[in-house]
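Here the structure is laid out as structure tokens; the discussion comes afterwards.
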Amino acid sequence: MLREGPMIDAHRVTLAAQDDFEGWRDAARDLAEAGVPPSAIIWRVDGGPDDLFATDATQPKGASFAVPRAFIDLAKSVVCHSDPERFALLYAMLWKLRTNRNAFEDRADPLVDRLERLAKEVRRDVHKMHAFVRFREINDRFVAFFEPDHHIVRHTAGFFVRRFTNMRWSILTPELSIYWDGEALTEGPGAARAEAPGGDPLEAMWKTYYASIFNPARLKVGAMLKEMPKKYWRNMPETSLVQPLIANARTRELEMIDRAAAKTGLKHALEAERSIEPGGNLRASWEALFKEARGCTRCDLYKHATQTVFGEGPLDASIMFVGEQPGDQEDLAGRPFVGPAGQVFDEALEKAGIPRSQVYVTNAVKHFKFEQKGKKRVHSKPNAGEIEACRWWIDQERSLIRPPVTVALGATAARSVLDKVVTISKVRGSPIPLAEGGECWVTVHPSFLLRIPEPERRVEERQKFVDDLKRIRDRAEKLTA
Ligand code: URA
């Protein structure tokens with residue numbers, strides 16, 4: 001507990017909702033500026049109107065102070081946690097930051113550690129909600145029931161609006177329900193599972209889809225169960241397929257071992273066995289993905305490009321670089337970043353002390369988009385639909401590799417990784433936590449450096465890029481130490 005003994009002259013802050021980040025931020029800022037210590041505040045949610053921000057009127061304003069952006073980003077996640085102490089813990093951190101702007105960087109501080117853990121649990125819950133919500137079609141509306149562990153429903157609403165913009169849908173949860181009618185998002189009261197619809201023809205669609213993407217070589221039962229906790233299974237039509245698929249996968253694995261034994265003897269058979277143990281089949285999973293991607297027709301770009309340019313690099317890389325899309329030379333070579341932008345990228349990596357052979361390099365969009373101008377194929381920027389269609393592949397790459405650090409090179413990559421539009425200059429230089437774990441760093445695209453006409457500025461910007469990469473290298477080393 002943060003407080004001891006009776007609270008005298010307490011400041012009560014009653015927030016409007018469980019996930020009221022703005023309410024917490026405004027009250028916390030005023031209280032901290034007025035010098036009110038953590039022990040003098042009681043944080044509550046949704047009390048009577050009389051005690052709403054009870055401190056405002058009586059607090060003399062003190063000097064304002066800035067807090068690191070990373071703390072604000074973390075606070076937005078932590079506020080959604082179900083831990084009743086979250087607001088007080090965040091305020092305790094803010095209180096430290098008031099006198100030490102670097103306090104949040106002290107990873108040995110148990111408070112920082114606890115906040116990081118809370119944020120991680122929320123991000124994981126968000127990731128699960130993104131992945132496991134399943135809609136049933138009821139009349140002209142799609143309805144899903146989901147039980148998050150934390151107060152994340154509003155937090156995730158934007159994701160579902162973007163993914164299913166043209167559908168009318170409702171997501172019912174015990175705490176709160178949200179409805180989208182194609183134009184506006186509204187909220188309603190929570191719902192019990194019994195109020196949610198059961199099976200319907202849409203399940204058949206999900207099952208077909210799920211069986212078609214299910215690849216036995218990718219099966220890691222432990223990981224799958226961890227990712228898809230039993231409580232979600234009831235809501236997911238494809239779970240009725242899981243047992244037969246697992247059984248079939250194991251049969252195929254055993255056939256593989258038999259073949260290896262017949263061909264090359266016991267030693268190789270044992271190696272084959274090892275390679276399909278949980279965690280050991282990562283390479284096979286990636287190769288299956290790579291093969292699937294070669295036939296990608298998720299958008300029209302495949303029609304004119306030479307081939308899919310998939311990511312490459314070690315699957316245990318601690319850094320994943322994401323570019324925009326292959327250029328002319330990459331399209332011909334079938335490998336990312338091998339043309340002029342690739343040269344700039346390689347040079348900068350070398351200066352930053354990052355061996356390219358140790359990082360995974362991929363693109364947000366896997367086919368070259370261009371306009372034919374005479375004999376030249378001139379790069380053309382992928383649009384939102386193409387980025388969205390291709391997110392399927394990069395999401396799969398990221399969930400296989402799970403890099404602690406993902407680097408978005410330029411705005412398209414940042415949009416793909418963060419699922420929102422960002423301004424590079426605003427987000428450059430500090431980590432952005434990702435819902436599925438790990439963090440994203442945004443920097444410029446190497447081709448931006450190629451286009452700078454003034455020599456002096458070009459040198460300056462290249463140096464800034466190298467400096468970003470050095471910071472990223474240090475960070476990845478720290479996270480994997
Ligand atoms: N630009 C990119 O974004 N990716 C490549 O692979 C090459 C150029």
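As shown in the structure tokens, the chain order sets the letters A, B, ...; within each chain, residues go from 1, and ligands are also counted from 1 in the order they appear.
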Give me the residues of chain A that have any atom at most 9 Å from an atom of ligand 1; for each, the nearest atom pair and the distance in Å, rounded to one decimal. Use only C-alpha atoms and all ligand atoms, sort by chain and number, and format it as a Markdown table.
| residue | atom | partner | partner_atom_place_in_ligand_line | distance |
| --- | --- | --- | --- | --- |
| A:Val309 | CA | ligand 1 | 6 (O) | 7.7 |
| A:Gly311 | CA | ligand 1 | 6 (O) | 8.8 |
| A:Val322 | CA | ligand 1 | 3 (O) | 7.4 |
| A:Gly323 | CA | ligand 1 | 3 (O) | 3.7 |
| A:Glu324 | CA | ligand 1 | 3 (O) | 3.5 |
| A:Gln325 | CA | ligand 1 | 3 (O) | 4.4 |
| A:Pro326 | CA | ligand 1 | 6 (O) | 3.9 |
| A:Gly327 | CA | ligand 1 | 8 (C) | 4.7 |
| A:Asp328 | CA | ligand 1 | 7 (C) | 8.0 |
| A:Gln329 | CA | ligand 1 | 7 (C) | 7.8 |
| A:Glu330 | CA | ligand 1 | 6 (O) | 5.8 |
| A:Asp331 | CA | ligand 1 | 6 (O) | 8.3 |
| A:Arg335 | CA | ligand 1 | 6 (O) | 6.9 |
| A:Pro336 | CA | ligand 1 | 6 (O) | 3.5 |
| A:Phe337 | CA | ligand 1 | 6 (O) | 3.7 |
| A:Val338 | CA | ligand 1 | 7 (C) | 6.6 |
| A:Gly339 | CA | ligand 1 | 7 (C) | 6.3 |
| A:Pro340 | CA | ligand 1 | 8 (C) | 7.5 |
| A:Ala341 | CA | ligand 1 | 8 (C) | 5.3 |
| A:Gly342 | CA | ligand 1 | 7 (C) | 6.0 |
| A:Val361 | CA | ligand 1 | 6 (O) | 8.2 |
| A:Thr362 | CA | ligand 1 | 6 (O) | 6.9 |
| A:Asn363 | CA | ligand 1 | 4 (N) | 5.7 |
| A:Ala364 | CA | ligand 1 | 3 (O) | 7.8 |
| A:Val365 | CA | ligand 1 | 3 (O) | 8.4 |
| A:Lys366 | CA | ligand 1 | 6 (O) | 8.5 |
| A:Phe368 | CA | ligand 1 | 5 (C) | 8.9 |
| A:Leu409 | CA | ligand 1 | 3 (O) | 7.3 |
| A:Gly410 | CA | ligand 1 | 3 (O) | 8.1 |
| A:Thr412 | CA | ligand 1 | 3 (O) | 8.6 |
| A:Ala413 | CA | ligand 1 | 3 (O) | 8.0 |
| A:His445 | CA | ligand 1 | 3 (O) | 7.0 |
| A:Pro446 | CA | ligand 1 | 1 (N) | 7.5 |
| A:Ser447 | CA | ligand 1 | 1 (N) | 6.7 |
Could you give me the residues within segment 428-457 of chain A that DSSP places in strand (DSSP E), as a list in words?
Ile432, Pro433, Glu439, Cys440, Trp441, Val442 and Thr443 of chain A
For atom CA of Ile432 of chain A and atom CA of Val407 of chain A, determine how far apart the two atoms are, in Å to one decimal place.
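Calculated distance between atom CA of Ile432 of chain A and atom CA of Val407 of chain A is 10.2 Å.
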Across A:Ala384, A:Ile319, A:Ile394, A:Ala17, the smallest distance to Arg475 of chain A, with only C-alpha atoms counted, is shown by A:Ile319
Would you tabulate, counting only C-alpha atoms, all residues of segment 112-190 of chain A that have an atom at most 6 Å from an atom of segment 66-90 of chain A, showing the closest pair of atoms and their distance in Å to one decimal, sorted by chain then ascending number, as JSON lines?
{"residue": "A:Leu118", "atom": "CA", "partner": "A:Val78", "partner_atom": "CA", "distance": 5.7}
{"residue": "A:Ala119", "atom": "CA", "partner": "A:Val78", "partner_atom": "CA", "distance": 4.8}
{"residue": "A:Val122", "atom": "CA", "partner": "A:His81", "partner_atom": "CA", "distance": 5.9}
{"residue": "A:His150", "atom": "CA", "partner": "A:Ser82", "partner_atom": "CA", "distance": 5.0}
{"residue": "A:His151", "atom": "CA", "partner": "A:Cys80", "partner_atom": "CA", "distance": 4.7}
{"residue": "A:Ile152", "atom": "CA", "partner": "A:Cys80", "partner_atom": "CA", "distance": 5.7}
